Each structure stands twice: as C-alpha cells, then as structure tokens.
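Note: the block below is start-v4.cif and it holds mmCIF, C-alpha atoms.
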```
data_final
loop_
_atom_site.label_atom_id
_atom_site.label_comp_id
_atom_site.auth_asym_id
_atom_site.auth_seq_id
_atom_site.Cartn_x
_atom_site.Cartn_y
_atom_site.Cartn_z
CA MET A 1 0.00 0.00 0.00
CA ASP A 2 1.29 3.47 -0.86
CA HIS A 3 2.34 5.53 2.12
CA LYS A 4 -0.40 7.86 3.30
CA THR A 5 -0.06 11.29 4.82
CA ILE A 6 -2.34 12.06 7.75
CA VAL A 7 -3.50 15.62 8.35
CA TYR A 8 -4.64 16.10 11.94
CA ILE A 9 -6.94 19.11 12.26
CA TRP A 10 -7.21 20.35 15.83
CA ASP A 11 -9.56 22.74 17.56
CA MET A 12 -7.80 24.90 20.14
CA ASP A 13 -9.93 26.05 23.08
CA GLU A 14 -11.13 23.24 25.32
CA THR A 15 -9.22 20.80 23.12
CA LEU A 16 -5.49 21.51 23.01
CA ILE A 17 -5.75 24.10 25.78
CA LEU A 18 -8.12 24.81 28.64
CA LEU A 19 -8.96 28.47 29.12
CA LYS A 20 -12.66 29.30 28.94
CA SER A 21 -13.55 26.48 31.32
CA LEU A 22 -10.94 27.71 33.78
CA ILE A 23 -12.22 31.30 33.63
CA ASN A 24 -15.88 30.37 34.07
CA GLY A 25 -15.13 27.66 36.64
CA THR A 26 -16.75 24.76 34.79
CA TYR A 27 -13.54 22.72 34.57
CA ALA A 28 -12.98 22.66 38.34
CA GLN A 29 -16.68 22.17 39.04
CA CYS A 30 -16.59 18.87 37.15
CA PHE A 31 -14.44 17.48 39.96
CA HIS A 32 -17.18 18.06 42.57
CA GLY A 33 -15.11 19.81 45.22
CA LEU A 34 -11.77 18.13 44.54
CA LYS A 35 -10.43 21.24 42.80
CA ASP A 36 -10.44 24.86 43.94
CA VAL A 37 -12.77 26.67 41.54
CA GLN A 38 -11.45 30.13 42.41
CA ARG A 39 -7.87 29.06 41.88
CA GLY A 40 -8.80 27.84 38.43
CA VAL A 41 -10.57 31.12 37.67
CA GLN A 42 -7.50 33.08 38.73
CA ILE A 43 -5.22 30.91 36.59
CA GLY A 44 -7.49 31.44 33.58
CA LYS A 45 -7.68 35.21 34.06
CA THR A 46 -3.90 35.40 34.37
CA TRP A 47 -3.56 33.60 31.04
CA GLU A 48 -6.09 36.01 29.53
CA ASN A 49 -3.94 38.96 30.63
CA TYR A 50 -0.77 37.34 29.27
CA ILE A 51 -2.41 36.71 25.89
CA LEU A 52 -3.61 40.30 25.55
CA ASP A 53 -0.28 41.75 26.70
CA VAL A 54 1.75 39.72 24.18
CA CYS A 55 -0.78 40.46 21.40
CA ASP A 56 -0.61 44.20 21.99
CA GLN A 57 3.10 44.55 22.76
CA SER A 58 4.60 42.27 20.13
CA PHE A 59 1.97 41.37 17.52
CA PHE A 60 0.32 44.67 16.47
CA TYR A 61 -3.03 43.60 17.88
CA GLU A 62 -4.21 47.10 18.78
CA GLN A 63 -3.62 48.12 15.15
CA ILE A 64 -5.05 45.07 13.39
CA GLU A 65 -7.70 43.74 15.78
CA ASN A 66 -10.45 44.72 13.33
CA CYS A 67 -8.60 43.24 10.34
CA ASN A 68 -8.84 39.56 11.24
CA GLN A 69 -7.90 37.18 8.44
CA PRO A 70 -8.27 33.39 8.17
CA PHE A 71 -4.49 32.81 7.92
CA LEU A 72 -1.30 34.87 7.91
CA ASP A 73 -0.39 34.45 4.24
CA VAL A 74 -3.75 35.61 2.92
CA PHE A 75 -2.29 38.93 1.68
CA LYS A 76 1.18 37.60 0.88
CA HIS A 77 0.77 38.52 -2.78
CA TYR A 78 0.56 42.20 -1.74
CA ASP A 79 3.94 42.00 0.03
CA ASP A 80 6.68 43.46 -2.16
CA GLY A 81 9.45 42.02 0.01
CA ARG A 82 10.59 45.36 1.38
CA ASP A 83 13.27 45.29 4.10
CA LEU A 84 11.38 45.98 7.34
CA SER A 85 14.39 46.40 9.61
CA ASP A 86 13.97 50.20 9.70
CA TYR A 87 10.25 50.34 8.91
CA ASN A 88 8.23 52.44 11.38
CA PHE A 89 4.92 50.66 11.88
CA SER A 90 3.61 53.38 14.19
CA LEU A 91 3.95 56.09 11.52
CA ASP A 92 2.84 54.34 8.32
CA GLU A 93 -0.81 55.51 8.66
CA PHE A 94 -2.21 51.99 8.46
CA GLY A 95 -5.98 52.07 7.97
CA PRO A 96 -8.98 50.04 6.79
CA LEU A 97 -8.34 47.47 4.06
CA ALA A 98 -10.11 49.47 1.38
CA ASP A 99 -7.13 49.67 -0.99
CA ASP A 100 -4.01 47.79 -1.99
CA ILE A 101 -1.76 50.14 -0.02
CA ASN A 102 -3.27 49.16 3.31
CA LYS A 103 -3.40 45.51 2.31
CA ARG A 104 0.34 45.75 1.69
CA LYS A 105 0.84 47.35 5.12
CA LEU A 106 -1.11 44.50 6.70
CA ALA A 107 1.00 42.01 4.75
CA TYR A 108 4.12 43.65 6.24
CA ARG A 109 2.73 43.18 9.72
CA HIS A 110 1.81 39.58 9.01
CA ARG A 111 5.33 38.93 7.71
CA LEU A 112 6.87 40.26 10.90
CA ILE A 113 4.39 38.29 13.02
CA ALA A 114 5.38 35.12 11.16
CA HIS A 115 9.05 35.92 11.78
CA LYS A 116 8.46 36.42 15.51
CA TYR A 117 6.40 33.22 15.70
CA LYS A 118 9.26 31.23 14.17
CA LYS A 119 11.73 32.77 16.62
CA GLY A 120 9.62 31.84 19.66
CA LEU A 121 8.62 33.73 22.78
CA ARG A 122 11.95 33.34 24.54
CA LYS A 123 13.45 35.68 21.94
CA ILE A 124 10.65 38.20 22.53
CA LEU A 125 9.95 38.27 26.27
CA ASP A 126 12.37 39.58 28.88
CA GLN A 127 13.75 37.24 31.55
CA ASN A 128 11.26 38.18 34.25
CA MET A 129 8.28 37.72 31.93
CA THR A 130 9.72 34.43 30.67
CA ARG A 131 10.09 33.08 34.20
CA SER A 132 6.54 34.16 35.08
CA TRP A 133 5.17 32.55 31.93
CA GLU A 134 7.00 29.27 32.52
CA SER A 135 5.84 29.20 36.14
CA LEU A 136 2.22 29.82 35.09
CA TYR A 137 2.43 27.00 32.54
CA GLU A 138 3.68 24.57 35.19
CA GLU A 139 1.00 25.68 37.67
CA THR A 140 -1.71 25.31 35.03
CA ASP A 141 -0.50 21.89 33.96
CA PHE A 142 -0.53 20.69 37.57
CA PHE A 143 -4.01 22.09 38.19
CA THR A 144 -5.39 20.46 35.04
CA ASN A 145 -3.83 17.04 35.70
CA ASN A 146 -1.22 17.53 32.96
CA TRP A 147 -3.76 18.41 30.27
CA HIS A 148 -1.44 20.77 28.37
CA SER A 149 1.74 18.71 28.48
CA SER A 150 -0.26 15.62 27.49
CA ALA A 151 -1.86 17.46 24.57
CA ARG A 152 1.62 18.48 23.48
CA ASP A 153 2.78 14.86 23.74
CA CYS A 154 -0.11 13.79 21.54
CA LEU A 155 0.82 16.39 18.94
CA GLU A 156 4.38 15.09 19.00
CA GLN A 157 3.13 11.55 18.45
CA CYS A 158 0.97 12.71 15.55
CA SER A 159 3.88 14.47 13.86
CA GLY A 160 6.30 11.64 14.61
CA THR A 161 6.30 10.69 10.93
CA ARG A 162 7.67 13.48 8.79
CA SER A 163 4.86 13.30 6.26
CA HIS A 164 2.13 13.75 8.88
CA VAL A 165 1.09 17.26 9.86
CA ASN A 166 -0.81 19.06 12.63
CA LEU A 167 -3.13 21.92 11.68
CA LEU A 168 -5.13 24.22 13.91
CA VAL A 169 -8.57 25.53 12.95
CA THR A 170 -9.90 27.76 15.70
CA SER A 171 -13.01 29.89 15.99
CA GLY A 172 -10.93 32.55 17.73
CA SER A 173 -9.34 35.45 15.88
CA LEU A 174 -5.99 34.79 14.25
CA ILE A 175 -3.47 36.85 16.22
CA PRO A 176 -4.59 35.77 19.72
CA SER A 177 -4.66 32.17 18.46
CA LEU A 178 -1.05 32.41 17.30
CA VAL A 179 -0.10 33.91 20.66
CA LYS A 180 -1.88 31.06 22.46
CA CYS A 181 0.18 28.58 20.46
CA LEU A 182 3.32 30.35 21.63
CA LEU A 183 2.28 30.69 25.27
CA PHE A 184 1.08 27.10 25.54
CA GLN A 185 4.28 25.84 23.89
CA LEU A 186 2.73 24.44 20.72
CA ASP A 187 4.60 26.59 18.20
CA ASP A 188 7.28 23.99 17.40
CA LEU A 189 4.55 21.47 16.56
CA ILE A 190 2.11 23.74 14.68
CA SER A 191 3.77 26.17 12.27
CA TYR A 192 2.19 29.55 11.62
CA GLU A 193 1.23 28.44 8.09
CA ASN A 194 -0.92 25.74 9.66
CA VAL A 195 -3.00 28.03 11.90
CA TYR A 196 -6.44 28.98 10.55
CA SER A 197 -9.06 31.29 12.05
CA SER A 198 -12.65 30.43 11.20
CA TRP A 199 -13.94 33.56 12.96
CA GLU A 200 -15.57 35.05 9.85
CA VAL A 201 -15.54 32.21 7.31
CA GLY A 202 -16.59 29.21 9.39
CA LYS A 203 -14.89 25.86 9.89
CA LEU A 204 -16.37 24.20 6.82
CA GLN A 205 -14.72 26.82 4.60
CA CYS A 206 -11.39 26.30 6.38
CA PHE A 207 -11.71 22.53 5.96
CA THR A 208 -12.43 23.03 2.25
CA TRP A 209 -9.28 25.13 1.86
CA ILE A 210 -7.28 22.48 3.68
CA LYS A 211 -8.60 19.73 1.42
CA GLU A 212 -7.63 21.80 -1.62
CA ARG A 213 -4.20 22.48 -0.16
CA PHE A 214 -3.56 18.78 0.48
CA SER A 215 -4.99 17.47 -2.76
CA ASP A 216 -2.87 14.31 -3.01
CA GLN A 217 -5.02 11.18 -3.24
CA ASN A 218 -3.04 9.52 -0.45
CA ILE A 219 -4.10 12.07 2.16
CA GLN A 220 -6.25 11.16 5.14
CA PHE A 221 -7.83 13.74 7.45
CA CYS A 222 -8.80 13.52 11.10
CA VAL A 223 -10.60 16.28 13.04
CA ILE A 224 -10.29 16.58 16.82
CA GLY A 225 -12.37 19.03 18.84
CA ASP A 226 -15.10 19.58 21.39
CA GLY A 227 -17.67 21.65 19.49
CA TRP A 228 -20.64 21.14 17.22
CA GLU A 229 -19.22 23.29 14.38
CA GLU A 230 -16.13 21.18 13.74
CA CYS A 231 -18.28 18.06 14.17
CA GLU A 232 -20.73 19.15 11.47
CA ALA A 233 -17.94 20.37 9.19
CA ALA A 234 -16.10 17.04 9.50
CA GLN A 235 -19.32 15.19 8.75
CA SER A 236 -19.86 17.32 5.63
CA MET A 237 -16.33 16.44 4.47
CA LYS A 238 -16.83 12.75 5.39
CA TRP A 239 -13.83 12.92 7.69
CA PRO A 240 -13.54 11.17 11.06
CA PHE A 241 -14.26 13.39 14.05
CA VAL A 242 -12.92 12.68 17.53
CA GLN A 243 -14.89 14.45 20.23
CA VAL A 244 -12.93 15.69 23.23
CA ASP A 245 -14.66 15.20 26.57
CA PRO A 246 -13.03 16.96 29.56
CA ARG A 247 -15.06 15.18 32.23
CA PRO A 248 -13.07 13.20 34.82
CA GLY A 249 -12.62 9.56 33.82
CA SER A 250 -13.11 10.18 30.11
CA SER A 251 -10.63 8.51 27.75
CA HIS A 252 -11.17 11.35 25.30
CA CYS A 253 -9.42 14.04 27.29
CA PHE A 254 -5.80 14.77 28.16
CA PRO A 255 -4.12 12.70 29.49
CA GLY A 256 -5.80 9.79 27.73
CA LEU A 257 -6.28 10.73 24.09
CA ASN A 258 -3.36 9.54 21.99
CA VAL A 259 -2.32 8.71 18.46
CA SER A 260 -3.55 5.11 18.78
CA THR A 261 -7.07 6.33 19.58
CA LEU A 262 -7.00 8.68 16.60
CA GLY A 263 -5.73 5.82 14.45
CA HIS A 264 -8.82 3.78 15.31
CA TYR A 265 -11.12 6.52 14.02
CA LEU A 266 -9.06 6.87 10.86
CA ALA A 267 -9.14 3.12 10.25
CA VAL A 268 -12.92 2.85 10.67
CA ILE A 269 -13.65 5.66 8.22
CA TYR A 270 -10.95 5.09 5.61
CA ASP A 271 -10.93 1.29 5.67
CA ARG A 272 -14.66 1.37 5.07
CA THR A 273 -14.18 3.85 2.22
CA GLU A 274 -11.63 1.62 0.49
CA LYS A 275 -13.69 -1.59 0.47
CA GLY A 276 -15.33 -0.98 -2.87
CA THR A 277 -18.27 0.50 -4.64
CA ASP A 278 -20.98 -1.48 -2.87
CA GLU A 279 -19.81 -0.61 0.59
CA THR A 280 -19.11 2.98 -0.43
CA ALA A 281 -22.74 3.31 -1.46
CA GLN A 282 -23.74 2.05 1.96
CA GLN A 283 -21.28 4.47 3.59
CA ASP A 284 -23.00 7.41 1.93
CA LYS A 285 -26.09 6.58 3.97
CA THR A 286 -24.13 6.67 7.21
CA PRO A 287 -22.81 9.81 8.95
CA ALA A 288 -19.03 10.14 8.67
CA THR A 289 -18.71 11.27 12.26
CA ILE A 290 -17.73 8.64 14.82
CA TYR A 291 -18.36 9.52 18.42
CA ARG A 292 -16.64 8.40 21.59
CA LEU A 293 -16.14 4.69 21.99
#
```

Mind turning the file's structure into structure tokens?
Amino acid sequence: MDHKTIVYIWDMDETLILLKSLINGTYAQCFHGLKDVQRGVQIGKTWENYILDVCDQSFFYEQIENCNQPFLDVFKHYDDGRDLSDYNFSLDEFGPLADDINKRKLAYRHRLIAHKYKKGLRKILDQNMTRSWESLYEETDFFTNNWHSSARDCLEQCSGTRSHVNLLVTSGSLIPSLVKCLLFQLDDLISYENVYSSWEVGKLQCFTWIKERFSDQNIQFCVIGDGWEECEAAQSMKWPFVQVDPRPGSSHCFPGLNVSTLGHYLAVIYDRTEKGTDETAQQDKTPATIYRL
C-alpha cells in the first residue's frame, strides 16, 4: 500500500488548551469539590492577561484587531518584500483594508508576526516575563492534571512521521490564536502556516481550503475538537471526528487521548471507504462522524 499522509486538524480552546472552562469555573466544578474553583478562575484570568499583553506589545493587535484574516499568508501577494528592519509601523498611517496600499501594510505586519512566531517567545519576552510565563504554565499543567503537556505529547506523536502534519482551525481570531500557540508551547509542533481562524468564514470553509491544499489522493484527514461546528464540518467532508470530553474519567481528554485512539477513528472511516463501490454506497447513507467509543 502506498504511504499515506495524515492531516490532523485540531480545535484549540477546550481541546489543546483549557482556558474558557478555567475562567468560568466549569472545569474545576466537574471534579465536585476536589479542585479549587477560584484558583482555576485566577489561573485562567492570568492567562487572559498574558495573551492580551503579548498580542498588543509584540503582535500589532491594537492596530489590526479589526482586520482579522483566516491565515497569515492571505495577503502575501501584496507583500513586495521590502526590508522591514527600519520600517516604522507606528507612523505608516495603516488604515482600513479598502485599498491595496493598506493591504500591503497589513502584509508587512503579518510577515513580521510570522518571523516572531518562528523565533519563539523566549526571543521576545524579557527574563522576568519568561520566568513568570513558565511558572504559570507549570501551575496550570498541575491544576489540570497535565492536560497541556499531554496534549503536546499527543501532537508530537501525531507528527512523529515526517509526512504527517498538525493543523489548527480555531473559531478565535488569528493573532490571539497564534499567541496562544506560543504561550502554551505548541509553536514547534504547529507552524504559523498551519493556523487557521474560522472567525468570519466558518470551519467548513477552512476545511475546504485544507482539502484543496492537500490534494494528493493519499491524504487522510482527522478532526479533533469539542464543538458542534467542527463536528458538522467534519461530517460534511466525510472525515472522522474525535470528540474531546473533559469530564473526569473520560478517555477522550488529556491525558488519555493519543495517536492510537486517533488511528482507530481513521481506520474505521478510511478502511470502510476503500472496500469498494458497494460498501461505499452504503457508507453514503451513514454519517461520517464517529463519536466516543
């Protein structure tokens, strides 16, 4: 059998990272008194402040918050390759994207954001901020029973073969999502080119772009998330969907979810697809989504 490339498409919030459920207390509440709800809320709010600070101080977020795009390279064709080492972003009169000039200015900002993403946060933050960030990560991982380090381990397993790739499709806006990847130490496993924001366009559109991007016939796709939108989009694409469940004792949370579990979902969908015309006809009558075992 020809070697197949697997494209793992991840949701972010409440899948690879826990944030909203920390801030609103629902994560800790699931443990029925075994976890301090207020401590979780404080951890979540601290992360929220870190994300906004890094966005504003290093990623032009105050300037481009209202110019969200589905991915960083969307205006790359407007970038003329100008040397930005002495470019003054605070004086270039960047404005609404009504003309090619401002689209080029946004492309400049996106190019610099991509450069900073590839460098990593340790080249951006000062020592005190770096220590605080690393300490917060460790505290969060302990509080969440190693959710974040286990999610990272799963990503590493998924990308263990060079031809396999991790993509992120998040309903959040693009710049904060990139910053979350950096802060939660996912940037070496998900490159900036592989981060998509479905904020305006929806997840089905992002999945369609991804299918077009990876058009080789030996590609398999697997979607992992906790929400209805990625579930319905995966079903529309006839891709396997693995639903994350953060409740204590679930095998579909972190720790617990691993590449072997994802492989089961892939095998059920794609093995069934490859069995021939008769079974394919039967498959068309069956939803592509497979829920928790």

Closest pair table for stretch 116-233 of chain A residues within 7 Å of stretch 50-72 of chain A, only C-alpha atoms, as a Markdown table:
```
| residue | atom | partner | partner_atom | distance |
| --- | --- | --- | --- | --- |
| A:Ser173 | CA | A:Asn68 | CA | 6.2 |
| A:Leu174 | CA | A:Asn68 | CA | 6.3 |
| A:Ile175 | CA | A:Cys55 | CA | 6.9 |
| A:Pro176 | CA | A:Cys55 | CA | 6.3 |
| A:Val179 | CA | A:Ile51 | CA | 6.4 |
| A:Lys180 | CA | A:Ile51 | CA | 6.6 |
| A:Glu193 | CA | A:Leu72 | CA | 6.9 |
| A:Val195 | CA | A:Phe71 | CA | 6.4 |
| A:Tyr196 | CA | A:Phe71 | CA | 5.0 |
| A:Ser197 | CA | A:Pro70 | CA | 4.5 |
| A:Ser198 | CA | A:Pro70 | CA | 6.1 |
```

key: Surrounding residues of stretch 138-146 of chain A excluding itself and chain neighbours under 6 positions, 8 Å, all atoms listed in the file, as a list in words   = Lys35, Gly40, Ile43, Phe254 and Pro255 of chain A

Limited to C-alpha atoms, could you put the picked residues into a file as a PDB file, keeping the file's coordinate frame?
```pdb
ATOM      1  CA  LYS A  35     -10.430  21.240  42.800  1.00  0.00           C
ATOM      2  CA  GLY A  40      -8.800  27.840  38.430  1.00  0.00           C
ATOM      3  CA  ILE A  43      -5.220  30.910  36.590  1.00  0.00           C
ATOM      4  CA  PHE A 254      -5.800  14.770  28.160  1.00  0.00           C
ATOM      5  CA  PRO A 255      -4.120  12.700  29.490  1.00  0.00           C
TER       6      PRO A 255
END
```

message = Residues within 10 Å of stretch 89-94 of chain A, please, as a ChimeraX atom specification. Count all atoms listed in the file; anything in the same chain fewer than 4 positions from it doesn't count.
response = /A:60,63-64,84,101-106,108-109

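The residue that comes closest to A:Ser85, out of A:His115, A:Leu186, A:Asp73, A:Leu16 and on the basis of all atoms listed in the file, is A:His115.
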
inquiry  = Could you tell me, as a VMD selection string, exactly which residues end up selected when the PyMOL selection byres ((chain A and resi 154-160) around 10) is applied to this structure?
reply    = chain A and resid 6 to 8 10 16 148 to 153 161 to 167 186 188 to 190 254 to 260 262 to 263

task = Fewer than 6 positions away in the same chain doesn't count, so skip those; otherwise give me all residues within 9 Å of A:Val244, counting only C-alpha atoms, as a PyMOL selection string.
result = chain A and resi 14-15+224-227+250-254+257+292

Take the residues that were just selected and, keeping C-alpha atoms, output them as a compact mmCIF listing (two decimals), in the frame of the given file.
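Done, and the output landed in selection.txt:
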```
# COMPACT_ATOMS: atom_id res chain seq x y z
CA GLU A 14 -11.13 23.24 25.32
CA THR A 15 -9.22 20.80 23.12
CA ILE A 224 -10.29 16.58 16.82
CA GLY A 225 -12.37 19.03 18.84
CA ASP A 226 -15.10 19.58 21.39
CA GLY A 227 -17.67 21.65 19.49
CA SER A 250 -13.11 10.18 30.11
CA SER A 251 -10.63 8.51 27.75
CA HIS A 252 -11.17 11.35 25.30
CA CYS A 253 -9.42 14.04 27.29
CA PHE A 254 -5.80 14.77 28.16
CA LEU A 257 -6.28 10.73 24.09
CA ARG A 292 -16.64 8.40 21.59
```

query = If you count only C-alpha atoms, which residues fall within 12 Å of A:Lys119, apart from same-chain ones fewer than 6 positions away, as a ChimeraX atom specification?
reply = /A:112-113,125,182,187-188,191-192

Would you save the residues of that selection, restricted to C-alpha atoms, as a compact mmCIF listing (two decimals), in the coordinates of the input?
```txt
# COMPACT_ATOMS: atom_id res chain seq x y z
CA LEU A 112 6.87 40.26 10.90
CA ILE A 113 4.39 38.29 13.02
CA LEU A 125 9.95 38.27 26.27
CA LEU A 182 3.32 30.35 21.63
CA ASP A 187 4.60 26.59 18.20
CA ASP A 188 7.28 23.99 17.40
CA SER A 191 3.77 26.17 12.27
CA TYR A 192 2.19 29.55 11.62
```

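Taking all atoms listed in the file into account, A:Ile17 lies nearest to A:Cys181 out of the set A:Ala267, A:Cys181, A:Val41, A:Val201.
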
ask   = By how many Å are atom CA of A:Ala107 and atom CA of A:Asn88 apart?
value = 14.3 Å

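The closest residue to A:Tyr270, picked from A:Lys4, A:Leu19, A:Gln205, A:Asp99 and counting only C-alpha atoms, is A:Lys4.
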
What are the centre and the three edge lengths of an axis-aligned box that wraps all atoms of stretch 172-189 of chain A in the file, given that 8 Å is added to every side, written as lines of an AutoDock Vina configuration file and rounded to one decimal in Å?
```
center_x = -1.8
center_y = 29.2
center_z = 19.9
size_x = 34.2
size_y = 31.4
size_z = 27.3
```

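Atom CA of A:Ala28 is found 24.8 Å from atom CA of A:Glu229.
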
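Atom pair atom CA of A:Phe184 / atom CA of A:Thr130: separated by 12.4 Å.
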
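In this comparison, which uses all atoms listed in the file, the residue of A:Leu183, A:Val268, A:Leu168, A:Leu136 approaching A:Val223 most closely is A:Leu168.
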
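In terms of minimum interatomic distance to A:Cys30, A:Arg247 ranks closest within A:Arg247, A:Lys76, A:Lys123, A:His110, counting all atoms listed in the file.
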
inquiry  = Measuring between all atoms listed in the file, which one of A:Gly44, A:Gly202, A:Pro96, A:Gly25 shows the shortest distance to A:Val169?
reply    = A:Gly202

Add whatever atoms are absent from stretch 173-185 of chain A to reach N, CA, C and O atoms, and provide the output as a PDB file, in the coordinates of the input.
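The resulting file, result39.pdb, is reproduced below:
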```
ATOM      1  N   SER A 173     -10.011  34.624  16.887  1.00  0.00           N
ATOM      2  CA  SER A 173      -9.340  35.450  15.880  1.00  0.00           C
ATOM      3  C   SER A 173      -7.881  35.035  15.756  1.00  0.00           C
ATOM      4  O   SER A 173      -7.303  34.418  16.655  1.00  0.00           O
ATOM      5  N   LEU A 174      -7.265  35.381  14.645  1.00  0.00           N
ATOM      6  CA  LEU A 174      -5.990  34.790  14.250  1.00  0.00           C
ATOM      7  C   LEU A 174      -4.840  35.155  15.179  1.00  0.00           C
ATOM      8  O   LEU A 174      -4.101  34.268  15.639  1.00  0.00           O
ATOM      9  N   ILE A 175      -4.649  36.443  15.464  1.00  0.00           N
ATOM     10  CA  ILE A 175      -3.470  36.850  16.220  1.00  0.00           C
ATOM     11  C   ILE A 175      -3.484  36.289  17.639  1.00  0.00           C
ATOM     12  O   ILE A 175      -2.489  35.691  18.082  1.00  0.00           O
ATOM     13  N   PRO A 176      -4.574  36.416  18.403  1.00  0.00           N
ATOM     14  CA  PRO A 176      -4.590  35.770  19.720  1.00  0.00           C
ATOM     15  C   PRO A 176      -4.385  34.258  19.651  1.00  0.00           C
ATOM     16  O   PRO A 176      -3.786  33.673  20.554  1.00  0.00           O
ATOM     17  N   SER A 177      -4.839  33.616  18.590  1.00  0.00           N
ATOM     18  CA  SER A 177      -4.660  32.170  18.460  1.00  0.00           C
ATOM     19  C   SER A 177      -3.192  31.824  18.254  1.00  0.00           C
ATOM     20  O   SER A 177      -2.690  30.835  18.814  1.00  0.00           O
ATOM     21  N   LEU A 178      -2.486  32.620  17.467  1.00  0.00           N
ATOM     22  CA  LEU A 178      -1.050  32.410  17.300  1.00  0.00           C
ATOM     23  C   LEU A 178      -0.314  32.614  18.623  1.00  0.00           C
ATOM     24  O   LEU A 178       0.592  31.851  18.973  1.00  0.00           O
ATOM     25  N   VAL A 179      -0.724  33.638  19.360  1.00  0.00           N
ATOM     26  CA  VAL A 179      -0.100  33.910  20.660  1.00  0.00           C
ATOM     27  C   VAL A 179      -0.382  32.773  21.633  1.00  0.00           C
ATOM     28  O   VAL A 179       0.496  32.377  22.415  1.00  0.00           O
ATOM     29  N   LYS A 180      -1.576  32.216  21.604  1.00  0.00           N
ATOM     30  CA  LYS A 180      -1.880  31.060  22.460  1.00  0.00           C
ATOM     31  C   LYS A 180      -0.970  29.890  22.122  1.00  0.00           C
ATOM     32  O   LYS A 180      -0.492  29.188  23.027  1.00  0.00           O
ATOM     33  N   CYS A 181      -0.733  29.657  20.837  1.00  0.00           N
ATOM     34  CA  CYS A 181       0.180  28.580  20.460  1.00  0.00           C
ATOM     35  C   CYS A 181       1.561  28.798  21.069  1.00  0.00           C
ATOM     36  O   CYS A 181       2.195  27.855  21.561  1.00  0.00           O
ATOM     37  N   LEU A 182       2.023  30.039  21.051  1.00  0.00           N
ATOM     38  CA  LEU A 182       3.320  30.350  21.630  1.00  0.00           C
ATOM     39  C   LEU A 182       3.310  30.170  23.144  1.00  0.00           C
ATOM     40  O   LEU A 182       4.195  29.520  23.719  1.00  0.00           O
ATOM     41  N   LEU A 183       2.319  30.739  23.809  1.00  0.00           N
ATOM     42  CA  LEU A 183       2.280  30.690  25.270  1.00  0.00           C
ATOM     43  C   LEU A 183       2.071  29.274  25.798  1.00  0.00           C
ATOM     44  O   LEU A 183       2.621  28.915  26.852  1.00  0.00           O
ATOM     45  N   PHE A 184       1.314  28.465  25.085  1.00  0.00           N
ATOM     46  CA  PHE A 184       1.080  27.100  25.540  1.00  0.00           C
ATOM     47  C   PHE A 184       2.045  26.103  24.902  1.00  0.00           C
ATOM     48  O   PHE A 184       1.801  24.900  24.902  1.00  0.00           O
ATOM     49  N   GLN A 185       3.136  26.634  24.343  1.00  0.00           N
ATOM     50  CA  GLN A 185       4.280  25.840  23.890  1.00  0.00           C
ATOM     51  C   GLN A 185       3.932  24.822  22.808  1.00  0.00           C
ATOM     52  O   GLN A 185       4.373  23.674  22.821  1.00  0.00           O
TER      53      GLN A 185
END
```
